[in-house]
Amino acid sequence: MIPASFDYVRPTSVDEAVQALVEGGDDAKLLAGGQSFIPVLRLRMGDPSLVVDLGGIPELRGVREEGDQIVVGAMTTHHEVTRDDLLAQHVALIQEATKTVADPQVRHRGTLGGALAHADPAGDLAAPTLALDAELVVVGQNGERRVPAAEFFEDYFTTAIGPGEILTAIRFPKYTGWGARYEKFNRVAQAWSIVAVAATVKVEGGSITDARIGLTNMAGTPVRARGVETALVGQTMSEETVRAAAQAAAEGTSPTSDADAGSDYREHLARVLTGRAVLAAAG
Amino acid sequence: MTTTENPTNAPAPEIGRDRRRKEDRRLITGRTRWTDNQAITGLLHLSIVRSPFAHAEIQGIDTSAAKQVPGVVGVYTAADIGADAVQLPCAWPITKDMKAPQRPALAGSRVNFAGEGVAVVVARSAAIAKDAAELVEVDYAELEPVLDMEDALKDGATLVHPEIGTNANAQWVFDSGEAGSGGSVAEALSAAEKDDDQVVIHRRFRQQRLVPVFMEPRSTVVDPTGEQLVMWSSTQVPHILKTMLALTLGLPENKLRVIAPDVGGGFGGKIAVAPEEVVTLLVARKLGKPVKWTETRSESLLTAHHGRDQIQDLTIAVTKDGIIKGLDVKLLADMGAYLGLVGPGVPILGAFMFNAIYKIPAYRFDCTNVFTTKTLTDAYRGAGRPEATFGIERMMDEVAVELGIEPMELRRKNWIKHEEFPYTTVSTLTYDTGNYEAATDQALQMFDYDGLRREQQERRQRGDVKQLGIGISTFTEMCGLAPSRVLGSLDYGAGGWETASIRMLPTGKAEVVVGVSPHGQGHETAFSQIVADKLGIAFEDVEILHGDTQSSYRGLDTYGSRSLAVGGIAMVKAAEKVIEKAKPIAAHMLEASEDDLEFTGGKFTVKGTDKGVGIADVALAVFAAHDYPEGIEPDIDAHATFDPENFSFPHGTHLCAVEVDTETGFVHLHKYVCVDDVGTVINPLIVEGQVHGGLAQGIAQALFEEAPYDESGTLLSGTLVDYTLPSAADLISFDTANTATPSTTNPLGVKGVGEAGTIASTPAVVNAVLDAVRQYGVKDIDMPTTPFRVWTAINSAKGTAGRGDEADVASPGAGLGSTASDISKGDTQGGHL
């Protein structure tokens, strides 16, 4: 790998990192694991003047319980997410999705915060974050603010993180006892999603009492399949009712067309995969 | 000197034994020196400036900014180093009137594919070279790209190389009627047209463009500071490279040494005299300093030669009870922008393989090679034979469907029976041995063919979302390239022999210098086993030396599954010579007559006695040379060259079951069984590994890989994100086995295994995919059969169905969703997606 030359700093606190980012100006970039940023450097698709490596900040790592939320540090690696007991118990959907990201090597380097801040529409973690109504904690020189996931993803590779700001944590409500499934569709195991569906549902007494569904790569941002959620709630759990509800999955989406899939195929996949994801989540 | 009391204490045979690969410790742990690891004092680094356009005039190159970068030693255009005057070699002029455009090492006035080099930066570090390369300003005037083979051959088409006046490189024709090896296809087809008991079926198949994707990107280091100029290169062909560099650049061959150190894969992609190798040499000579070039992965995908890329038109005449009467093959083969080292000959290798394992009375093969403004194509694992095998094996399934004959039964009706060997085919090759029945029967049993067919019916009747498809490929290949006389008759620019030398060391160990050039196959292990057995010494005591023209001065390198079937035999011959040379000395040591000696288990013994002397003792005796017979050299080293009298013909039966998710189009591999006959097996573990890797590559062509270009001639698969190589996670465990009918054309009875899995598997998988979805009216799906393509095919077919011609999914013939009622006279054009 021979990237264009850049300056490199590795701060040990969020304050130092914000300071470095502000001083670095527009050409400063954050390195949060490198799953996507390293290829960008390698292919010289970007040539930042300064790289601020967030890998040396202990406070950005780890999963903890705070009241009715589970808080995941932005620099928690995918591997750590997949192995975390709190997430397994309370936020299974993010764990299910994370298991499908890339390959084991990448999952040991890539981070939840890095993936969300990058906001690749084909990335796997934005849709479950949206579906789970998470809050994203952003820190800048003026302190901390919390952005609801519904307002965080603005467009292709664009988020609500402002200049000089750093995503520090993701706060998930608890979905204890909910079933979860991330139904990913891609060409080969390591490839980006063509379409994927993040579904988590609460089933009580044979009926679906609550549902959250997010779609990956059905628009420039993750999309919430609210029509399906509404159609599911109150229904008796059956393949028929789930598949019928899933017919609404592509509503409000605007998928792209490329060599792997035309937009109509993506819409079709969204419906099929939503049905499968919900059925699997309901177990 | 010792005499051995107990000569019966012979080691267990090495041949046929599972041995873990002795080279793997260093290869896997990286404790070795690849080309890019060569560190020479004062080494300079290259970065090549490449064209982003497929076809353009170069109107000017401004190197001034790049030259200003600190650490830059030089920035050169083609003219500055004479790279535009070079004619990179094509060693296979397939016809007398073949059109061969000049292929420079760097483009001079025009670029002919995106990625072609136009200038080179030399700097003190690779990073500086890369930075400076971005500052080289090239002024291009774009020309029309030439992308479609059929369009390229039309009158008035834009010419890739206007100076040769055509986009056709050559047309190569074989006609069994003219060759006297069979009848006339024209007559066979016209007779079939008139015969109510025959049908004529036409199909067009597309072989997509692939990239070899070896693990180690290409790298070349040239050190011009010694008396001999030394080139290290990540190549499969150090010997050919050396000779070709001498011929191409006018260098004295004695002043060149080429070293292929450990090489991380090739798959045919490193059978080349690469422009970058020549540029590195030219720059090193110009500066008088050692220079290195190492490509990035993207550079590799874009500019290292590609493979396959054919349009295949097959027409077959067959009786309604399934006997083939004639086969006509018309190919268009995309050469890309230039001719590679053996590029034009690659499709021609297929000429001998379209008739495959079948008795075909009339055959014609007509191939036109076409220039386009794309990366050139050349050898890729199988080279010509996978294309042919795909064509005929897809066609056999099409015939089975059209006639309503069970597809394996159709093959049985036409294949050469085991008692008919040796058998001379319609394309003039003589298959020495084979037993298609044995391999097939074992494969069917392992696969539970009947059980899967039943399950397939059940799923159809249930209307399962996941439909089962079963695909067959019964294949053979010609390998062990090659008898030199045959290569001569095909106008190939070299012979096909191979050499080996055995050096017996004073301590009884052996160094074996081989002319083949391993790059991941496990040669060191397999060859050690052969030599250990032949000389009766320990496996650990044999060292295989390769890839350096200083030690191995004579060789033709590794490709075409030749290393064992040709190179291995040279080792056997050399070992026999060592024993022959040692015999008089052993007799002298034992004070016996040579006639009374026999050699077994590494020892010469006097017949009928327990007196004996080991080969190691003889080696020590000739080293000391204190006492040896008059008139004999004190030397038992030996050198041998083996030129095969025939190819070898591995064959096998591959069976694939896939589950097609009819809602999404996704193809899941369900079961894969292959029984290969590769003749005598030296090391079963290595053979299994070669088959597994080969299967992965062949399956990848069927399901995953493609190197497409956009309408401007830009490669769309320029990274491994876009060129979707499968990993272990995308494949299943394969069930492999072997039958063995030893080859009779070499003393080991070996046939070769490097390409078998790749050649056989692609049609098995595609046949399976189609078998799953034919019931919906799908007739063909282009490779790779991606989910999008499969889903689209099902949808379009369903969209045009419902005309009362519901597919028959129940009757025998059968599992295929026979559409026998659709058989019409004349061409039956397959629906093509």
# chains A, B, ... in the order shown; residues from 1 in each chain; ligands from 1
$ interface_residues --of "chain B" --to "chain A" --cutoff "6 Å" --atoms "only C-alpha atoms" --output "ChimeraX atom specification"
/B:127,726,788
$ residues_around --residues "Arg107 in chain A" --least-positions-apart "3" --cutoff "8 Å" --atoms "only C-alpha atoms" --output "PyMOL selection string"
chain A and resi 77-79+101-104+110-111
$ write_last_selection --atoms "N, CA and C atoms" --output "compact mmCIF listing (two decimals), in the first residue's frame"
# COMPACT_ATOMS: atom_id res chain seq x y z
N THR A 77 -14.78 -2.78 18.31
CA THR A 77 -14.64 -3.47 17.02
C THR A 77 -15.84 -4.38 16.76
N HIS A 78 -16.00 -4.71 15.47
CA HIS A 78 -17.08 -5.62 15.09
C HIS A 78 -16.94 -6.94 15.86
N HIS A 79 -15.71 -7.38 15.98
CA HIS A 79 -15.48 -8.65 16.68
C HIS A 79 -15.99 -8.56 18.12
N VAL A 101 -20.57 -8.84 8.63
CA VAL A 101 -19.70 -7.81 8.04
C VAL A 101 -18.39 -8.45 7.55
N ALA A 102 -18.10 -8.29 6.29
CA ALA A 102 -16.80 -8.63 5.71
C ALA A 102 -16.30 -10.01 6.16
N ASP A 103 -15.08 -10.04 6.68
CA ASP A 103 -14.45 -11.31 7.06
C ASP A 103 -13.81 -11.15 8.44
N PRO A 104 -13.33 -12.24 9.04
CA PRO A 104 -12.82 -12.14 10.42
C PRO A 104 -11.70 -11.12 10.60
N GLY A 110 -12.28 -3.28 12.02
CA GLY A 110 -13.36 -2.33 11.79
C GLY A 110 -14.17 -2.09 13.06
N THR A 111 -14.79 -0.92 13.14
CA THR A 111 -15.53 -0.54 14.35
C THR A 111 -16.96 -0.13 14.02
$ select_by_dssp --residues "range 19-151 of chain A" --states "strand (DSSP E)" --output "list in words"
Ala28, Lys29, Leu30, Leu31, Leu50, Val51, Val52, Asp53, Val63, Arg64, Glu65, Glu66, Gln69, Ile70, Val71, Val72, Gly73, Glu135, Leu136, Val137, Val138, Val139, Gly140, Gly143, Glu144, Arg145, Arg146, Val147 and Pro148 of chain A
$ closest_residue --among "B:Val263, B:Cys479, B:Val566, B:Ala168" --to "Ala756 in chain B" --atoms "only C-alpha atoms"
B:Cys479
$ residues_around --residues "range 781-786 of chain B" --least-positions-apart "2" --cutoff "8 Å" --atoms "only C-alpha atoms" --output "list in words"
Arg187 and Asp260 of chain A; Phe205, Arg206, Gln207, Gln208, Gly665, Phe666, Val667, Ala700, Gln701, Ala702, Leu703, Phe704, Glu705, Glu706, Val766, Val769, Leu770, Val778, Lys779, Phe788, Arg789, Val790, Ala793, His832 and Leu833 of chain B
